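The structure appears below as structure tokens.
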Amino acid sequence: MSPERAREIAASFDLRALPADFYANPYPVYAALREQEPVRRMPDGSWFLTRHADLVAVYRDAHCFSSDKKVEFTPKYGPGAPLLEHHTTSLVFNDPPLHTRVRKLIMGALTRRAIAEMEPGLVALVDRLLDAMADKGGGDLIEDFASAIPVEIIGNLLGVPHGDRGPLRGWSLAILGALEPRLTPQQEELGNRSVREFVDYLRILVADRRRHPGDPEHDVLTRLIQGEAAGEQLSETELLQNCIFILNAGHETTTNLIGNALCALAEWPQEKAKLLAATGDEAAMTLAVDEFLRFESSNQLGNRRALHACEVGGVALPEGALVTLCIGAANRDPAQFARPDVLDLGRQDNRHLAFGFGIHQCAGLSLARLEGRIAIGRFLSRFPNYALTEAPTRGGRARFRGFLQAPFSC
Ligand code: HEM
């Protein structure tokens, strides 16, 4: 995209009416916004933030900037809609105390030890997928690899039987897809239907787990159920909707991390060669995963609502101001990152915001980093000469950045 075109889109920037050429490469538009109007008032009256320092300030101030979405989502989905109940009950879209209760229960099952214990199973899963692609001489980076990993890992975390995992990805895409700024009636109906089906399924799973509890050190579902018994008082609705959220949260985001990384390497041969020499080096691989997360953040947008009048980046915001935090823009801010548009897999002191920041910072970040390190490292070692055989197909969404298909040969 030319700088003139980027400035033109930025000058009339409206998240609800993005032009088609925005999605392939939104970064020049974000750069123009950061320069022209870093705290931009959008036509619907909300605010769009693109500077790293401004995002950090908002994330830090959870007393002023609420994550509770009832005000925004009630008119969006309509009272009584399954999507409304789901999104307004999940911890990510709540403030303390519900947020704190659920987060504590989840974090208790995502300890360093529990995550380290997942590594052998993850390696075996990745190797099975690599074997299958080697037999075919290639395949699709997303369908055959990136999307097949998180569904199994998160399925294990909640103890979803293997045979039941088929619909999880479709439900997840439909429910998270309903967070896009504009929805067609078909998308809304699919999102609502997916919540209903997911809840019906989980009711059976939860009833079964109550009868046959798992190990609460590893099984998040058992922990959430026992939390109720131990006086944490999650209602049945809170329990079911937060299970849906965990299954969704770790799914598309991690798929996009792996898919975006392998597509980016195809465009940055020198970085690919450097990484290939370092696949056995855990520290180097971890640095690389963080740079992939910065460079093409899976989750590009976050939202908050100001509970009282305040100031961000020198701009006065009124009480009730709706704020969109553009993670994709903040992660390319030259005030924070040297040469921000360069993929530098050895980048040090990488304070990216791909996992957010503050009290809602991603609860699954260590798990996501592990998945990224193992999947990308083992893929690269196994297929050092892989090549994309066609241009990958983008998901075409502003919030979640990733590909739907990326055919390759190895
Ligand atoms: C590359 C992968 C991932 C990315 C980029 C990502 C990104 C994020 C971001 C940006 C937030 C903060 C939202 C906000 O502040 O409004 C978040 C929250 C969360 N993520 Fe992740 N995530 C990833 C993987 C995972 C995984 C694997 C899990 C599995 C357990 C997970 C579970 C959660 C949970 C439970 C929250 C809510 C935390 C809270 O509200 O306190 N995420 N994630």
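Labeling convention for the structure tokens: chains A, B, ... as they appear, residues from 1 per chain, ligands from 1 in order of appearance.
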Within 6 Å of ligand 1, which residues show up when you count only C-alpha atoms and all ligand atoms? List them as a PyMOL selection string, please.
chain A and resi 91-92+103+246+249-250+253-254+257+298-299+302+354-356+359-365+367-368
With 10 Å as the cut-off and only C-alpha atoms counted, what is the closest atom pair between each nearby residue of segment 290-376 of chain A and segment 389-403 of chain A? Distances in Å to one decimal, ordered by chain and number, as CSV.
residue,atom,partner,partner_atom,distance
A:Glu296,CA,A:Arg401,CA,7.3
A:Ser297,CA,A:Arg401,CA,6.8
A:Ser298,CA,A:Arg401,CA,4.9
A:Asn299,CA,A:Phe400,CA,4.8
A:Gln300,CA,A:Arg399,CA,5.1
A:Leu301,CA,A:Arg399,CA,5.2
A:Gly302,CA,A:Arg399,CA,8.1
A:Cys326,CA,A:Arg399,CA,9.1
A:Ile327,CA,A:Arg399,CA,9.6
A:Gly328,CA,A:Arg401,CA,9.1
So that I can see what lies close to Thr324 of chain A, please list as a PyMOL selection string the residues with an atom at most 10 Å from it, counting only C-alpha atoms and leaving out residues fewer than 6 positions away in the same chain.
chain A and resi 15+39-40+46-50+55+301-305
Export C-alpha atoms of the chosen residues as a PDB file, in the first residue's frame?
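Contents of part28.pdb, freshly written:
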ATOM      1  CA  LEU A  15     -13.370   0.434  12.032  1.00  0.00           C
ATOM      2  CA  VAL A  39      -6.102   9.046  19.825  1.00  0.00           C
ATOM      3  CA  ARG A  40      -8.650   9.139  17.035  1.00  0.00           C
ATOM      4  CA  SER A  46     -15.558   5.795  20.175  1.00  0.00           C
ATOM      5  CA  TRP A  47     -11.766   6.251  20.333  1.00  0.00           C
ATOM      6  CA  PHE A  48      -9.040   4.331  18.508  1.00  0.00           C
ATOM      7  CA  LEU A  49      -5.569   4.227  20.114  1.00  0.00           C
ATOM      8  CA  THR A  50      -2.385   3.354  18.221  1.00  0.00           C
ATOM      9  CA  LEU A  55      -2.144   1.317  25.356  1.00  0.00           C
ATOM     10  CA  LEU A 301      -7.683  -5.197  18.861  1.00  0.00           C
ATOM     11  CA  GLY A 302      -8.817  -4.903  22.472  1.00  0.00           C
ATOM     12  CA  ASN A 303     -11.546  -2.800  24.087  1.00  0.00           C
ATOM     13  CA  ARG A 304     -12.182  -0.870  27.272  1.00  0.00           C
ATOM     14  CA  ARG A 305     -14.806   1.619  28.567  1.00  0.00           C
TER      15      ARG A 305
END
What separation in Å, quoted to one decimal, exists between atom CA of Glu180 of chain A and atom CA of Tyr201 of chain A?
25.0 Å
As a PyMOL selection string, please: all residues of segment 129-217 of chain A that backbone DSSP puts in helix (DSSP H, G or I).
chain A and resi 129-136+141-146+148-158+162-164+168-177+185-211
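The neighbours of segment 408-410 of chain A here are the residues that come within 8 Å of it, using only C-alpha atoms and leaving out any residue fewer than 6 positions away in the same chain; they are Ala134, Gly137, Gly138, Gly139, Asp140, Leu141, Phe383, Pro384, Asn385, Tyr386, Ala387, Leu388, Thr389 and Glu390 of chain A.
Note that DSSP on the backbone gives strand (DSSP E) to these residues of segment 65-177 of chain A: Phe65, Ser66, Gly138, Gly139 and Asp140 of chain A.
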Can you write out the residues you just picked, keeping C-alpha atoms, as a short mmCIF file (atom, residue, chain, number, x, y, z; two decimals), in the first residue's frame?
data_model
loop_
_atom_site.label_atom_id
_atom_site.label_comp_id
_atom_site.auth_asym_id
_atom_site.auth_seq_id
_atom_site.Cartn_x
_atom_site.Cartn_y
_atom_site.Cartn_z
CA PHE A 65 -10.87 1.40 32.12
CA SER A 66 -13.44 -1.34 32.51
CA GLY A 138 3.15 -30.93 1.69
CA GLY A 139 -0.38 -29.83 2.45
CA ASP A 140 -1.93 -26.77 4.04
#
Coordinates-based distance that separates atom CA of Pro150 of chain A from atom CA of Arg112 of chain A (Å, one decimal):
18.1 Å
Using only C-alpha atoms, pick whichever of A:Arg223, A:His251, A:Arg209, A:Arg182 has the shortest atom-to-atom distance to Ile149 of chain A.
A:His251
Of the candidates A:Leu370, A:Ala57, A:Cys64, A:Leu224, which shows the shortest atom-to-atom distance to Leu307 of chain A, using only C-alpha atoms?
A:Cys64
For each of A:Pro26, A:Gly377, A:Pro120, A:Gly320, take the minimum atom-to-atom distance to Ala261 of chain A, counting only C-alpha atoms, then give the residue where this is smallest.
A:Gly377
Atomic distance atom CA of Asn192 of chain A - atom CA of Leu83 of chain A, expressed in Å with one decimal:
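Between these atoms lies a distance of 5.3 Å.
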Excluding Gln336 of chain A and any residue of its chain fewer than 6 positions from it, enumerate the residues within 10 Å of it, using only C-alpha atoms, and give them as a PyMOL selection string.
chain A and resi 51-53+330+350-352
Select, from A:Gln270, A:Glu4, A:Leu234, A:Arg347, the residue with the minimum atom-to-atom distance to Ala284 of chain A, counting only C-alpha atoms.
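Ranking A:Gln270, A:Glu4, A:Leu234, A:Arg347 by distance to Ala284 of chain A, first place goes to A:Arg347.
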Counting only C-alpha atoms, closest pick from A:Met1, A:Leu265, A:Ala375, A:Ala316 relative to Thr286 of chain A is A:Ala375
Identify, on the basis of only C-alpha atoms, every residue whose closest approach to Ser381 of chain A does not exceed 10 Å; exclude the query and any residue fewer than 5 positions from it along the same chain; express the result as a list in words.
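After dropping sequence-adjacent residues, the list is Leu275, Leu276, Ala277, Ala278, Thr279, Gly280 and Ile376 of chain A.
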Keeping only N, CA and C atoms, take the residues you just selected and write them out as a PDB file, in the first residue's frame.
ATOM      1  N   LEU A 275      17.029 -18.779  11.879  1.00  0.00           N
ATOM      2  CA  LEU A 275      16.222 -19.565  12.813  1.00  0.00           C
ATOM      3  C   LEU A 275      16.491 -21.062  12.652  1.00  0.00           C
ATOM      4  N   LEU A 276      16.685 -21.450  11.405  1.00  0.00           N
ATOM      5  CA  LEU A 276      16.958 -22.856  11.111  1.00  0.00           C
ATOM      6  C   LEU A 276      18.204 -23.322  11.863  1.00  0.00           C
ATOM      7  N   ALA A 277      19.156 -22.422  11.983  1.00  0.00           N
ATOM      8  CA  ALA A 277      20.401 -22.775  12.684  1.00  0.00           C
ATOM      9  C   ALA A 277      20.180 -22.814  14.196  1.00  0.00           C
ATOM     10  N   ALA A 278      19.016 -22.352  14.659  1.00  0.00           N
ATOM     11  CA  ALA A 278      18.811 -22.221  16.116  1.00  0.00           C
ATOM     12  C   ALA A 278      17.636 -23.042  16.619  1.00  0.00           C
ATOM     13  N   THR A 279      17.105 -23.968  15.798  1.00  0.00           N
ATOM     14  CA  THR A 279      15.866 -24.647  16.218  1.00  0.00           C
ATOM     15  C   THR A 279      16.031 -25.456  17.508  1.00  0.00           C
ATOM     16  N   GLY A 280      17.265 -25.908  17.796  1.00  0.00           N
ATOM     17  CA  GLY A 280      17.457 -26.681  19.034  1.00  0.00           C
ATOM     18  C   GLY A 280      17.711 -25.798  20.251  1.00  0.00           C
ATOM     19  N   ILE A 376       6.719 -24.397  15.560  1.00  0.00           N
ATOM     20  CA  ILE A 376       7.507 -23.702  14.526  1.00  0.00           C
ATOM     21  C   ILE A 376       8.889 -24.347  14.410  1.00  0.00           C
TER      22      ILE A 376
END
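When only C-alpha atoms are used to measure the gap to Arg101 of chain A, the shortest distance among A:Asp215, A:Glu35, A:Asp344, A:Glu238 belongs to A:Glu238.
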Which residues are near Ala32 of chain A? Cut-off 7 Å, only C-alpha atoms, ignore same chain within fewer than 4 positions. Put them as a short mmCIF file (atom, residue, chain, number, x, y, z; two decimals) with C-alpha atoms, in the first residue's frame.
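Saved the output as result_19.cif:
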data_model
loop_
_atom_site.label_atom_id
_atom_site.label_comp_id
_atom_site.auth_asym_id
_atom_site.auth_seq_id
_atom_site.Cartn_x
_atom_site.Cartn_y
_atom_site.Cartn_z
CA ALA A 6 -2.50 4.78 3.83
CA ARG A 7 -2.92 8.46 4.76
CA ALA A 10 -6.32 6.99 8.04
CA PRO A 28 0.87 1.62 6.90
CA GLN A 36 -1.75 12.06 12.37
#
